[in-house]
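Novice: There's a structure below that I have some questions on.
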Amino acid sequence: MSKPYKRILLTGAGGNLGRRLRERLHDFADIVRLADVADIGPAGPNEEVVQCDLADRAQVMRMCEGVDAVLHFGGVSTEVEFAPIMQANILGMVNLYEAVHKLGIRRVVFASSNHTMGMYETSQRVDAGMLPRADGYYGLSKVWGENLSRYYWDRFGVETVCIRIGYCFPEPVTHRQMVTWLSLDDLVELLRRALVTPRVGHTIAFGVSDNPGRWWDDREARHLAFQAGDSSARFTVDGGQPFAYPPEDDLSTFLQGGAFVTTGPKYPQ
Ligand code: 15L
């Protein structure tokens with residue numbers, strides 16, 4: 001059976017999601033190019049491995065050569081000091097989109113984050129048409145990535161699906177993780193829809209399974225026709241206590257960003 005792409009690039013291949021996705025991407029392309037700033041070891045069958053610092057323009061250009069679509073999972077993936085976020089997530093995004101545009105790559109799937117909206121309250125229902133309200137430098141850098149990709153669509157016709165990923169780990173262990181959980185199978189299905197839907201333009205989707213009490217409404221991404229197949233309903237957390245909306249004085253449960261809203265920002269070092 002022919003695959004949708006000849007060669008796709010996965011950045012951040014050594015990260016939490018990159019490592020779990022690696023073996024799941026072969027249905028999408030004949031060759032999967034894996035890139036990371038760290039040494040991730042040798043390539044497997046139908047793989048290529050590239051070591052790349054996103055802040056280095058020439059390296060990013062080489063990483064993207066010969067690629068038909070990009071799954072951009074690289075960069076800093078949590079709230080830390082501003083300097084590394086600026087290098088990998090701010091400068092790195094410009095380097096990536098310049099390379100994508102110059103090389104004529106038509107589509108990017110960008111691993112954005114729910115932390116673009118982390119300052120909304122847990123009692124609110126949020127959709128992608130609402131103003132971003134990031135909860136730190138990390139979330140702000142993802143807002144930058146979403147806006148930058150919008151610019152490259154409006155100005156140069158590069159298509160991007162931004163996925164605001166929730167809690168994508170094997171099992172949720174808190175209520176917040178239950179509400180925001182994204183199973184790996186659902187992430188792979190969402191990537192498939194983002195890669196094969198004929199026209200995506202610039203789309204912002206929420207990466208979340210069909211969990212009870214979800215905060216996010218995916219109406220802006222209906223055209224992807226993504227149907228979550230998993231739900232966190234099968235897990236029991238916090239000793240089986242029913243979920244109650246938390247008091248306003250505990251920001252880490254009152255606001256959607258959880259612990260991120262109390263850890264940042266960290267500047268200067
Ligand atoms: C994220 O954006 C992080 O990359 C991930 O490590 C989780 O912390 C996730 O958000 C979350 O909100 O749980």
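Naming scheme: A, B, ... for chains in displayed order of the structure tokens; residues 1 onward per chain; ligands 1 onward as shown.
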With only C-alpha atoms and all ligand atoms counted, collect every polymer residue having an atom within 10 Å of ligand 1; state the result as a PyMOL selection string.
Specialist: chain A and resi 15-17+73+75-79+111-116+118+138-139+142+164-169+172+176-182+256-260
Novice: DSSP on the backbone, alpha helix (DSSP H) only: what residues of stretch 20-266 of chain A does that give? Format it as number ranges by chain.
Specialist: A: 20-21, 57-64, 82-85, 92-103, 137-156, 175-180, 184-196, 251-254, 260-263
Novice: Skip stretch 28-44 of chain A itself and residues of its chain fewer than 6 positions away, then list as number ranges by chain all residues within 10 Å of it, counting only C-alpha atoms.
Specialist: A: 2-15, 18-19, 22, 50-55, 60, 63-64, 66-75, 88, 191-192, 195-196
Novice: I'd like to know which residues of stretch 62-261 of chain A are strand (DSSP E or B) (by DSSP, run on the backbone); could you write them as a VMD selection string?
Specialist: chain A and resid 69 to 72 107 to 113 121 126 to 127 159 to 165 167 181 202 to 207 216 to 217 255
Novice: Could you name the residues that touch A:Thr262 at 10 Å or less, counting only C-alpha atoms, but leaving out those on the same chain fewer than 5 positions away, as a list in words?
Specialist: Asp135, Gly136, Asp250, Leu251, Ser252 and Gly257 of chain A
